[in-house]
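Visitor: If you scroll down you'll find the structure; I have some questions about it.
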Amino acid sequence: MVDQKKLIVSPAPFWHDGSSIPVRQVHTIAAAIPAVLFGVFLYGLPALGVVCLSVSTAMLWELAANRMTGRAYSIGDGNAALIGLLLAMLMPATVPWWAVIIGTCVALFVGKHIYGGIGGNPFNPALIGYAIIMVSWKGLFDFNAALVNYDFGFNMIYPLAAVKQHGAAAAANYPLCSLLLGMQTGGIGATFGLGLILGGLYLIVRGFIRWEISISFLAGVFITALLFNIANPVKFADPFFHLLTGYTLIGAFFLATDDSSSPVNLIPMLLYGAGAGVMTMLIRNIGAYVDGVVFAVLLFNIANPLLDKIRPKALGKVIDHA
Amino acid sequence: MTSKKHLQIAYSMTAILLIIGLFSYAAFSAKKPDQPVRIMYKGVAGSVLFDHKTHSADMGYGLSCNDCHHHPPGQDSDFLACSACHKAEGDTAKPESCTDCHDPADYEDYEMMTKTNAFHAQCIECHQQIGAGPVECAACHAAN
C-alpha cells in the first residue's frame, strides 16, 4: 500500500496556520451571539423560535443542496448556520414561520449554491434571502406593524421610520446611549449596538473580517448623514443617530464583510465600504425605503469584481525579445 | 470538506434547533395582550400607527374606553373593533354587528359613517378639542 501522505503536493503556502472554514464561521457566530441573546432576552421565545428555525432550516437547505448537486456535505463547515443566523438577526421576532423557511431557502439556493457554494457567491446570501422576502411580501419587515403588541417601556417606534416620517426632530426621542444599549425596536439581532460593536471588534482583532470595510462603511454612513444634516437639519437626522439605528452596525461588521462578496485589496475595500455607506444614507434620506443597508450592500456586492480590478502593480517588468 | 466530527455536530445542532424552533412557534408564536398596545391601520394614504396604550392608560392620556368606542352601555361583551361597524369606502353591506340590537328594517336607510371618515372625525376632532395631538395628514400617515 502506498503511503498517500508522501505523494501529496500542493502549491504554496506550505505552512498551515490552523485556520479553517469551520473556525471562521464558529468565531463569526460567536461574535454575533451577544446581539442575538439580547434580542431573545427582549422578545422572548418568539425570537428564539425565529433564530432556531432559521439556523436549522438553513442547514437543512445546505444538506439538500449538497445532495442535489452530488457534492461533499458542507453542512459541517458552519457557513449555512451563519447565513441562517444573520438572516434571523435581521428579522422581527414576529415573522411567520413560512417566511423564515422561504428566506433560508432563497438564501442558500439563490444566494449561495447556484454559484457553486461557499466562496463562489457574488452576493451576501443572507441579504439575498432577506431582500427577496422583503420585496415579495411588502410590509412583513415593517417593524412598527410587526411589533405592535410589544411594550418594553422605551420608545417602541422604529427609529428610522420615525425620522423618515417626522424629520430630524423625532431623533430627539432616542437618546444615543439608549440606542447603544439596544433600547430600540428592530431586527432580533440588529438593535444591540454595544454587542454588535464588541462582536465586530473581536472579529477585526482576530483577523476574521477586515477593518477597512467596516470602518469605511461606518465613515461613509457618518459623512453622508452629516452632509445631509448640515444641508437640512430639520429634515435629516444627525449622523450619530444613523450610526446606531437600523442595520448600520450589523451591516458594517457582519454583512458587508462577507468573504467572497467583498474586495480583497486595500483601495477596493475602502471604496466598497464607503460606497455602501454612502448608498445606505442616500436610500434612507431620499430613497423609498426606510433603511438602505440591505440594498446598498447588495449593490456594492455587484461592484466588487470591478472594484477589485484596482490592484497593486506586479513586481518586475516585461522585457520584449528577452 | 469537513470532518466527520463536524458533520455529527452539525446534524445534532440542526435537529435540536429545529425542535426548539418548531416548539417555540407552535407554543409561543403570538403574544397578544388583552388590550392592544399599538394598532397599525393600513390605508392607501399611508399607514397610521396608533398608540392605544398611551391613550387609554392612566399614566398616559387616561381616556375611558367609551370615549372612543361607542359600545352600547350595559353590554358585558368585549369592545368591538372600529371596523366591525365602520366599513371601508364603497363597502355598502350593512355591518353584521347592527343586528345584535336592531331589526334590519330599522336601519335599512341609515348610512353608517365610513371607516376613514370615522377615524378622521374621532382623532382630529378630539385633538382639536384638547388642543394637543396631530391634525395634519403627514403627522399620522406614513408614506407606504
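Residue names in the C-alpha cells use chain letters A, B, ... in the order shown, residue numbers from 1 in each chain, and ligand numbers from 1 in the order shown.
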Compile the residues of chain B that lie within 8 Å of chain A, evaluated using only C-alpha atoms, and express the compilation as a ChimeraX atom specification.
Guide: /B:1-3,6-11,13-15,17-18,20-25,28-33,36-40,49,138-139,142-143
Visitor: Skipping near chain neighbours, those fewer than 5 positions away, what residues fall within 10 Å of Ile197 of chain A using only C-alpha atoms, listed as JSON, numbers by chain?
Guide: {"A": [31, 32, 35, 180, 192, 202, 203, 249, 250, 252, 253]}
Visitor: For the selection you just gave me, I'd like the residues written to a file as an mmCIF file, in the first residue's frame, keeping C-alpha atoms.
Guide:
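And here's selection29.cif as it stands now:
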data_model
loop_
_atom_site.group_PDB
_atom_site.id
_atom_site.type_symbol
_atom_site.label_atom_id
_atom_site.label_comp_id
_atom_site.auth_asym_id
_atom_site.auth_seq_id
_atom_site.Cartn_x
_atom_site.Cartn_y
_atom_site.Cartn_z
ATOM 1 C CA ALA A 31 -19.236 37.283 17.788
ATOM 2 C CA ALA A 32 -22.910 37.630 16.859
ATOM 3 C CA ALA A 35 -26.582 40.695 19.976
ATOM 4 C CA LEU A 180 -26.319 51.840 22.001
ATOM 5 C CA PHE A 192 -27.986 45.917 20.469
ATOM 6 C CA TYR A 202 -13.448 40.855 18.174
ATOM 7 C CA LEU A 203 -13.672 39.742 14.545
ATOM 8 C CA LEU A 249 -23.808 48.218 12.793
ATOM 9 C CA ILE A 250 -24.758 44.698 11.760
ATOM 10 C CA ALA A 252 -20.699 47.187 8.968
ATOM 11 C CA PHE A 253 -19.446 44.205 10.952
#
Visitor: Just the residues within 10 Å of Thr116 of chain B, please, counting only C-alpha atoms, with nothing from its chain fewer than 5 positions along; format it as an MDAnalysis selection string.
Guide: chainID B and resid 43 83 86:89 121:122
Visitor: Which residue is closest to Ala296 of chain A? Choose from A:Leu181, A:Phe123, A:Ile267, A:Asp308 and count only C-alpha atoms.
Guide: A:Phe123
Visitor: As a count of residues only, please: every residue in chain B that a backbone DSSP assignment puts in alpha helix (DSSP H).
Guide: 54
Visitor: Using Å and a single decimal, report how far atom CA of Ala276 of chain A sits from atom CA of Gly246 of chain A.
Guide: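 That distance, rounded to one decimal, is 14.5 Å.
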Visitor: Rank A:Gly129, A:Gly189, A:Pro175, A:Gly18 by their smallest atom-to-atom distance to Val40 of chain A, using only C-alpha atoms, and report the top residue only.
Guide: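 So, comparing all the options, the nearest one is A:Gly189.
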Visitor: Looking only at strand (DSSP E) from DSSP on the backbone, list the matching residues of chain B as a count of residues only.
Guide: 9
Visitor: Identify, on the basis of only C-alpha atoms, every residue whose closest approach to Leu307 of chain A does not exceed 12 Å; exclude the query and any residue fewer than 2 positions from it along the same chain; express the result as a list in words.
Guide: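 In the requested form, the answer reads Ser261, Ser262, Pro263, Val264, Asn265, Leu266, Ile267, Pro268, Met269, Leu270, Leu271, Tyr272, Gly273, Gly275, Phe300, Asn301, Ile302, Ala303, Asn304, Pro305, Lys309, Ile310 and Arg311 of chain A.
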Visitor: Keeping only C-alpha atoms, take the residues you just selected and write them out as a tab-separated table (two decimals), in the first residue's frame.
Guide:
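Output saved as part-v3.tsv:
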chain	number	residue	atom	x	y	z
A	261	SER	CA	-18.71	39.15	-1.94
A	262	SER	CA	-16.29	41.82	-0.71
A	263	PRO	CA	-12.97	43.00	-2.18
A	264	VAL	CA	-9.54	41.91	-1.01
A	265	ASN	CA	-7.28	44.83	-1.90
A	266	LEU	CA	-6.89	47.93	0.24
A	267	ILE	CA	-8.29	50.65	-2.01
A	268	PRO	CA	-11.17	48.49	-3.29
A	269	MET	CA	-12.08	47.62	0.30
A	270	LEU	CA	-12.16	51.28	1.26
A	271	LEU	CA	-14.19	52.21	-1.83
A	272	TYR	CA	-16.54	49.27	-1.32
A	273	GLY	CA	-17.23	50.09	2.33
A	275	GLY	CA	-19.71	53.37	-1.26
A	300	PHE	CA	-21.79	47.11	-3.83
A	301	ASN	CA	-21.52	43.32	-3.85
A	302	ILE	CA	-22.19	43.67	-7.58
A	303	ALA	CA	-19.48	46.30	-7.85
A	304	ASN	CA	-17.00	44.07	-6.01
A	305	PRO	CA	-15.31	42.40	-9.04
A	309	LYS	CA	-9.53	45.37	-10.51
A	310	ILE	CA	-7.77	48.23	-8.73
A	311	ARG	CA	-4.79	46.22	-7.58
Visitor: For atom CA of Lys112 of chain A and atom CA of Gly207 of chain A, quote the distance in Å rounded to one decimal.
Guide: 23.3 Å
